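Okay, so here's the structure we're looking at.
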Amino acid sequence: MNLQKVIFAFFILSALTLNFGFFYGDIENPAHHNVYELFVVVVVNLIATVLKIGDRTQLGAVLLATSLVADLQLIAAAITWGVVVNMMPGGMTPDHMTSIVSLSGGALLANVVSVVLLVVDTLMSRR
Amino acid sequence: MPNIAFVLLRRMQAPLIVLILAYATAVLGFVLIPGQDAQGAPWRMGFFHAFYVVSYTATTIGFGELPYPFTEPQRFWMIATVYLTVVAWMYAIGVLFSLVQDPAFRALVKQMAFSRAVRRIVEPFYIVCGYGDTGSSVVRGLTEAGLRAVVLDMNPDRINALQLDDLRSPVPGLCADAGRPDNLVTAGLKNRYCAGILALTNVDQTNLQVTITSKLLRPELLTIARAHTADSSENIRSAGADHVLNPFALSARIVGNAVHAPSLYALDERMTSVPHEPWSPPLNPPRGQWVLCGYGRFGQALHQALLGEGIQCTIVEADTRIAEHVPGCVLGRGTEADTLQQANIRGAQAIIAGTDNDANNLSIVINARALNPNIFVVARQVHRDNEEIFQKAKISLVMQFGNILAGEVFSIVTSPLIVDFLRLSQHKEESWASELRLRIRNMMGEQNPDRWSIDVRSNTAPALSLAVTAGVPVSIGDLRRDPTQREQLLDAIPLLLKRGEEFRMLPKEAEVLQKGDQLLFCGPKRSRTRMLGTIRNPNTLHYVLTGEDRTSRFLDKIAVR
């Protein structure tokens, strides 16, 4: 049992689960997508990225890349949200919600890859 | 080699996570804590505004309470935010600064800069290991001759000296152990522009290691190594070094030549010194009785050379362990008058001050002159920094390893045939040497000649090698024709012709060149430039051979049209 590994896996898994929680629901319906959840997803993803820095293996490089992809998409989604709510005259519309949620969907995919790689690596090292 | 950005980020991991968490906590607090707008109606800050407020607070810019004046709970949270985020930033910046000042990290940054500088060199360059007296004068000579160099040295002071030295082209230097193969690779050993490797450190083991590494990784590279004992010379030679230079053997050769045939010595010196420097006056070392002070490796090598010339030496040595094995040895340093008198300095013709201490050597010279004003003086100079006082002491022959080795290395690198020429000239008589010396003197006046070689098969002489391959008879005399006016001959003396394994000293002008021939010339720089032009340009070569000017014919044709 290694606390460092627990924390590492915790953040990578949380990034996926929170991302899924935000993504899940009617794609156009703002009531199904919580802004606090998006905030937490961004923060957890950033922390997961920093934790992944420093592993020099090929696997480490791919893990870092997936995290960077997820970060970019989530930050794009957060900026879209901020712009829409604060600067658009009409406020949040189903159209805008769709683009925000689809961006988070892309990040979700990257997070899935990340978790799959983590699980595969864990299984390989067991043998 | 690790990537610098990743090394930096890995060490910054903890501060980055602290920063992210601090920001997240502060932002979340502002979003959750209720506030009010200008009219006093309840209002909640969005993530956008919260991030805005935290951003200017954390960086201590502090625009104030935006967009509406804060409520008491918000101010309460503001206090927490200020301390949390500012401390997080200070922690991050502190870690960054300590990392940048970390010696290991700085070494990595220097290594990166060095390997980038080496990769940018796109012309032939030499790796010089060791930047002491020898290394620094070799590097100076190479850069003056338009060649590039890269330096490795263990001592950081010497690398600093390299950066301060005023050289003609930039010379990248790295403070690293040349004995380690990865450092040699960083210095460009595998680079295709690497032309040779010069192992000039004062540690024989390192030089051996460098030789082995270079011969295993790049067997075709020119490798020159310095060695201080006969044993390690043999070792390095069998490791495959193309040239092994032993400063003691070289000094012995110089003194031997000077005694054996003064003209030969003068020739040797001219061939291995920097071109176009005023030439030193000829020496006439006396035969007869010599006094040799200091019987270490230097003294022993010189003693052998002098014995070979049939000269008797009285040996003065301070170390009793050495002195007891030498018959007739006078015990003492030679810096005292009575020791020198015991060695019969008044009856001696010459004295060698050969200890490994410059102050002692100068003291020996001064004492010897006081007792015998007309004595011929040879002195060993250990440190380059003492150049000036040795010059002032008006010593006939100063032996400084750095200069001796550097001259030899420079000759090998710029024209390898010189080494063969000097080796072969050892077997010639004094009359041969003095005749050649006179010819050079008539040609060059009081200056040292420039030396250059012509290689008939290589791509440095494309026009010549094409002509010779096509069967056009080109003689040595043809090459001497002036490409601007072929009736006149350039001032140049063909010194050596190498044909296969055969060497011909002072080849005849009528000799017709064959494929694979190598030729060594000496003469003024002007001749060198013109001759190198002839062998490179087919039109110039055609004019020199036939007197027919192809270029003007071509221009005529255009003019007629």
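Residue numbering restarts at 1 in every chain; chains get A, B, ... in the order shown in the structure tokens, and ligands count up from 1 in that same order.
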For Ala61 of chain A, work out the shell of residues within 12 Å, counting only C-alpha atoms and skipping chain neighbours fewer than 4 positions away, then give it as a ChimeraX atom specification. /A:49,52-57,65-68,114,117 /B:6
Save the residues we just selected, C-alpha atoms, as a PDB file, in the first residue's frame?
ATOM      1  CA  THR A  49      -2.045  16.801 -14.815  1.00  0.00           C
ATOM      2  CA  LYS A  52       1.401  13.029 -13.999  1.00  0.00           C
ATOM      3  CA  ILE A  53       4.394  15.271 -14.751  1.00  0.00           C
ATOM      4  CA  GLY A  54       7.713  13.629 -14.118  1.00  0.00           C
ATOM      5  CA  ASP A  55       7.100  10.040 -15.129  1.00  0.00           C
ATOM      6  CA  ARG A  56       9.728   9.483 -17.818  1.00  0.00           C
ATOM      7  CA  THR A  57       8.276   6.269 -19.262  1.00  0.00           C
ATOM      8  CA  ALA A  65      -0.927  13.933 -23.010  1.00  0.00           C
ATOM      9  CA  THR A  66      -4.450  12.677 -22.241  1.00  0.00           C
ATOM     10  CA  SER A  67      -4.608  14.980 -19.242  1.00  0.00           C
ATOM     11  CA  LEU A  68      -3.470  17.957 -21.285  1.00  0.00           C
ATOM     12  CA  SER A 114      -6.274   7.847 -19.124  1.00  0.00           C
ATOM     13  CA  LEU A 117      -4.082   3.103 -19.423  1.00  0.00           C
TER      14      LEU A 117
ATOM     15  CA  PHE B   6      10.356  18.469 -17.447  1.00  0.00           C
TER      16      PHE B   6
END
Could you work out which residues of chain A fall inside 12 Å of chain B? Count only C-alpha atoms, and format the result as an MDAnalysis selection string. chainID A and resid 11 35:56 61 64 78:87
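Proximity of B:Glu317, B:Leu436, B:Ile224, B:Pro124 to Ala343 of chain B, computed with only C-alpha atoms, is greatest for B:Glu317.
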Selection near Phe401 of chain B, 8 Å with only C-alpha atoms, sequence-local residues under 4 positions removed, as a ChimeraX atom specification: /B:134,247,251,381-382,405
Save out the residues we just selected, N, CA and C atoms, as a short mmCIF file (atom, residue, chain, number, x, y, z; two decimals), in the first residue's frame.
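Below is the file selection_29.cif, written as the result:
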data_model
loop_
_atom_site.label_atom_id
_atom_site.label_comp_id
_atom_site.auth_asym_id
_atom_site.auth_seq_id
_atom_site.Cartn_x
_atom_site.Cartn_y
_atom_site.Cartn_z
N THR B 134 48.71 23.54 -23.04
CA THR B 134 48.72 22.94 -24.38
C THR B 134 47.39 23.16 -25.07
N PRO B 247 55.75 14.76 -24.16
CA PRO B 247 56.49 16.03 -24.08
C PRO B 247 57.96 15.83 -23.75
N SER B 251 60.90 17.04 -26.20
CA SER B 251 61.95 17.95 -25.75
C SER B 251 63.31 17.36 -26.07
N GLN B 381 60.65 25.67 -18.84
CA GLN B 381 59.67 26.58 -18.25
C GLN B 381 58.42 25.76 -17.98
N VAL B 382 58.01 25.68 -16.71
CA VAL B 382 56.89 24.82 -16.36
C VAL B 382 55.56 25.52 -16.60
N LEU B 405 54.14 20.95 -27.41
CA LEU B 405 53.04 20.06 -27.79
C LEU B 405 52.08 20.76 -28.75
#
Just want the 12 Å neighbourhood of Pro416 of chain B, counted on only C-alpha atoms, with same-chain residues fewer than 4 positions away dropped. Output as a list in words. Leu222, Ile224, Asp242, His243, Met271, Thr272, Glu408, Val409, Phe410, Ser411, Ile412, Asp420, Phe421, Leu422, Arg423, Arg451, Trp452, Ser453, Ile454, Asp455, Leu496, Lys498, Gln518, Leu519, Leu520 and Phe521 of chain B
Write out as a VMD selection string the set of residues from chain A that DSSP, computed on the backbone, places in helix (DSSP H, G or I). chain A and resid 3 to 23 30 to 32 35 to 52 58 to 87 94 to 126
Which residues, written as a compact mmCIF listing (two decimals) with N, CA and C atoms, in the first residue's frame, have at least one atom at most 8 Å from Gly477 of chain B, with only C-alpha atoms counted and residues fewer than 3 positions away on the same chain left out?
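Output below, filename part.txt:
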# COMPACT_ATOMS: atom_id res chain seq x y z
N ARG B 480 53.19 24.87 -59.62
CA ARG B 480 53.86 26.08 -59.14
C ARG B 480 53.63 27.28 -60.05
N ARG B 481 53.01 27.03 -61.21
CA ARG B 481 52.77 28.17 -62.10
C ARG B 481 51.74 29.12 -61.51
N GLU B 509 60.81 18.91 -59.81
CA GLU B 509 59.74 19.70 -60.43
C GLU B 509 59.06 18.94 -61.55
N ALA B 510 59.82 18.08 -62.24
CA ALA B 510 59.29 17.39 -63.42
C ALA B 510 58.45 16.18 -63.05
N GLU B 511 58.46 15.82 -61.82
CA GLU B 511 57.73 14.64 -61.35
C GLU B 511 56.24 14.77 -61.71
All residues 10 Å or closer to Asp356 of chain B, only C-alpha atoms, same chain fewer than 3 positions away omitted, as a PyMOL selection string: chain B and resi 294-299+353+359-361+380-383
Saved selection, atoms kept: N, CA and C atoms, as a PDB file, in the first residue's frame:
ATOM      1  N   GLY B 294      68.705  18.712 -12.415  1.00  0.00           N
ATOM      2  CA  GLY B 294      67.370  18.101 -12.345  1.00  0.00           C
ATOM      3  C   GLY B 294      67.352  16.836 -13.157  1.00  0.00           C
ATOM      4  N   TYR B 295      67.314  15.683 -12.477  1.00  0.00           N
ATOM      5  CA  TYR B 295      67.381  14.414 -13.210  1.00  0.00           C
ATOM      6  C   TYR B 295      66.068  13.662 -13.040  1.00  0.00           C
ATOM      7  N   GLY B 296      64.959  14.357 -13.251  1.00  0.00           N
ATOM      8  CA  GLY B 296      63.644  13.705 -13.279  1.00  0.00           C
ATOM      9  C   GLY B 296      63.424  13.132 -14.665  1.00  0.00           C
ATOM     10  N   ARG B 297      62.140  13.013 -15.061  1.00  0.00           N
ATOM     11  CA  ARG B 297      61.852  12.451 -16.384  1.00  0.00           C
ATOM     12  C   ARG B 297      62.420  13.330 -17.495  1.00  0.00           C
ATOM     13  N   PHE B 298      62.337  14.670 -17.267  1.00  0.00           N
ATOM     14  CA  PHE B 298      62.835  15.601 -18.272  1.00  0.00           C
ATOM     15  C   PHE B 298      64.343  15.470 -18.426  1.00  0.00           C
ATOM     16  N   GLY B 299      65.029  15.510 -17.275  1.00  0.00           N
ATOM     17  CA  GLY B 299      66.480  15.425 -17.306  1.00  0.00           C
ATOM     18  C   GLY B 299      66.962  14.119 -17.917  1.00  0.00           C
ATOM     19  N   ALA B 353      68.796  23.844 -17.149  1.00  0.00           N
ATOM     20  CA  ALA B 353      68.051  24.005 -15.902  1.00  0.00           C
ATOM     21  C   ALA B 353      66.737  23.262 -16.102  1.00  0.00           C
ATOM     22  N   ALA B 359      61.020  28.922 -10.518  1.00  0.00           N
ATOM     23  CA  ALA B 359      61.881  29.819  -9.736  1.00  0.00           C
ATOM     24  C   ALA B 359      63.269  29.203  -9.609  1.00  0.00           C
ATOM     25  N   ASN B 360      63.323  27.894  -9.314  1.00  0.00           N
ATOM     26  CA  ASN B 360      64.614  27.212  -9.211  1.00  0.00           C
ATOM     27  C   ASN B 360      65.363  27.259 -10.532  1.00  0.00           C
ATOM     28  N   ASN B 361      64.639  27.014 -11.637  1.00  0.00           N
ATOM     29  CA  ASN B 361      65.302  27.010 -12.942  1.00  0.00           C
ATOM     30  C   ASN B 361      65.933  28.362 -13.245  1.00  0.00           C
ATOM     31  N   ARG B 380      63.995  24.743 -18.692  1.00  0.00           N
ATOM     32  CA  ARG B 380      62.627  24.267 -18.803  1.00  0.00           C
ATOM     33  C   ARG B 380      61.702  25.281 -18.124  1.00  0.00           C
ATOM     34  N   GLN B 381      60.650  25.675 -18.837  1.00  0.00           N
ATOM     35  CA  GLN B 381      59.665  26.579 -18.254  1.00  0.00           C
ATOM     36  C   GLN B 381      58.415  25.760 -17.978  1.00  0.00           C
ATOM     37  N   VAL B 382      58.009  25.684 -16.712  1.00  0.00           N
ATOM     38  CA  VAL B 382      56.887  24.819 -16.358  1.00  0.00           C
ATOM     39  C   VAL B 382      55.558  25.515 -16.601  1.00  0.00           C
ATOM     40  N   HIS B 383      55.444  26.762 -16.124  1.00  0.00           N
ATOM     41  CA  HIS B 383      54.162  27.460 -16.253  1.00  0.00           C
ATOM     42  C   HIS B 383      54.207  28.516 -17.336  1.00  0.00           C
TER      43      HIS B 383
END
Let me make sure I understand: among B:Ala117, B:Cys194, B:Leu541, B:Ala41, which one has the smallest atom-to-atom distance to Thr223 of chain B if we use only C-alpha atoms?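 Looking at the shortest contact to Thr223 of chain B, the residue is B:Cys194.
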Find the residues around Asp26 of chain A up to 12 Å (only C-alpha atoms counted), leave out those fewer than 6 positions away in its own chain, and share them as a PyMOL selection string. chain A and resi 32-33+94+97-98+101-102
As a PDB file with N, CA and C atoms, in the first residue's frame, list the residues of segment 31-193 of chain B assigned to strand (DSSP E) by DSSP on the backbone atoms of this structure.
ATOM      1  N   GLY B  35     -23.439  38.049  -1.250  1.00  0.00           N
ATOM      2  CA  GLY B  35     -23.071  39.452  -1.222  1.00  0.00           C
ATOM      3  C   GLY B  35     -24.296  40.287  -1.555  1.00  0.00           C
ATOM      4  N   GLN B  36     -24.091  41.580  -1.849  1.00  0.00           N
ATOM      5  CA  GLN B  36     -25.239  42.399  -2.287  1.00  0.00           C
ATOM      6  C   GLN B  36     -24.763  43.387  -3.339  1.00  0.00           C
ATOM      7  N   PRO B  42     -29.768  41.125  -2.572  1.00  0.00           N
ATOM      8  CA  PRO B  42     -28.844  39.994  -2.502  1.00  0.00           C
ATOM      9  C   PRO B  42     -28.256  39.662  -3.869  1.00  0.00           C
ATOM     10  N   TRP B  43     -26.961  39.320  -3.873  1.00  0.00           N
ATOM     11  CA  TRP B  43     -26.272  39.053  -5.151  1.00  0.00           C
ATOM     12  C   TRP B  43     -25.181  38.019  -4.886  1.00  0.00           C
ATOM     13  N   PHE B 125      35.212  20.325 -37.126  1.00  0.00           N
ATOM     14  CA  PHE B 125      35.697  20.835 -35.846  1.00  0.00           C
ATOM     15  C   PHE B 125      36.461  19.740 -35.109  1.00  0.00           C
ATOM     16  N   TYR B 126      37.303  20.162 -34.158  1.00  0.00           N
ATOM     17  CA  TYR B 126      38.110  19.243 -33.361  1.00  0.00           C
ATOM     18  C   TYR B 126      37.664  19.303 -31.907  1.00  0.00           C
ATOM     19  N   ILE B 127      37.601  18.139 -31.262  1.00  0.00           N
ATOM     20  CA  ILE B 127      37.283  18.104 -29.837  1.00  0.00           C
ATOM     21  C   ILE B 127      38.600  18.157 -29.078  1.00  0.00           C
ATOM     22  N   VAL B 128      38.795  19.178 -28.280  1.00  0.00           N
ATOM     23  CA  VAL B 128      40.025  19.322 -27.513  1.00  0.00           C
ATOM     24  C   VAL B 128      39.718  18.974 -26.060  1.00  0.00           C
ATOM     25  N   CYS B 129      40.346  17.915 -25.540  1.00  0.00           N
ATOM     26  CA  CYS B 129      40.123  17.520 -24.152  1.00  0.00           C
ATOM     27  C   CYS B 129      41.261  18.075 -23.318  1.00  0.00           C
ATOM     28  N   ARG B 148      37.411  25.027 -36.441  1.00  0.00           N
ATOM     29  CA  ARG B 148      36.576  25.164 -35.254  1.00  0.00           C
ATOM     30  C   ARG B 148      37.013  24.161 -34.191  1.00  0.00           C
ATOM     31  N   ALA B 149      36.746  24.482 -32.929  1.00  0.00           N
ATOM     32  CA  ALA B 149      37.115  23.582 -31.836  1.00  0.00           C
ATOM     33  C   ALA B 149      36.028  23.570 -30.775  1.00  0.00           C
ATOM     34  N   VAL B 150      36.031  22.476 -30.011  1.00  0.00           N
ATOM     35  CA  VAL B 150      35.106  22.292 -28.898  1.00  0.00           C
ATOM     36  C   VAL B 150      35.959  21.818 -27.728  1.00  0.00           C
ATOM     37  N   VAL B 151      35.723  22.350 -26.524  1.00  0.00           N
ATOM     38  CA  VAL B 151      36.622  22.042 -25.413  1.00  0.00           C
ATOM     39  C   VAL B 151      35.905  21.300 -24.285  1.00  0.00           C
ATOM     40  N   LEU B 152      36.564  20.298 -23.732  1.00  0.00           N
ATOM     41  CA  LEU B 152      36.109  19.635 -22.511  1.00  0.00           C
ATOM     42  C   LEU B 152      37.219  19.777 -21.482  1.00  0.00           C
ATOM     43  N   ASP B 153      36.887  20.188 -20.282  1.00  0.00           N
ATOM     44  CA  ASP B 153      37.895  20.220 -19.221  1.00  0.00           C
ATOM     45  C   ASP B 153      37.208  20.005 -17.878  1.00  0.00           C
ATOM     46  N   GLY B 173      32.578  25.329 -24.634  1.00  0.00           N
ATOM     47  CA  GLY B 173      33.344  24.574 -23.641  1.00  0.00           C
ATOM     48  C   GLY B 173      32.424  24.019 -22.577  1.00  0.00           C
ATOM     49  N   LEU B 174      32.758  22.830 -22.089  1.00  0.00           N
ATOM     50  CA  LEU B 174      31.947  22.224 -21.034  1.00  0.00           C
ATOM     51  C   LEU B 174      32.863  21.724 -19.928  1.00  0.00           C
ATOM     52  N   CYS B 175      32.468  21.972 -18.692  1.00  0.00           N
ATOM     53  CA  CYS B 175      33.230  21.469 -17.560  1.00  0.00           C
ATOM     54  C   CYS B 175      32.775  20.039 -17.305  1.00  0.00           C
TER      55      CYS B 175
END
Work out how far apart atom CA of Leu532 of chain B and atom CA of Arg119 of chain B are and give it in Å to one decimal.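 Here the two named atoms are 29.1 Å from each other.
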For Glu269 of chain B, the nearest of the candidates B:Lys190, B:Arg437, B:Arg384, B:Lys392, counting only C-alpha atoms: B:Arg437
If you measure from atom CA of Leu250 of chain B to atom CA of Met154 of chain B, what distance in Å do you get, rounded to one decimal?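 So the answer is 25.7 Å.
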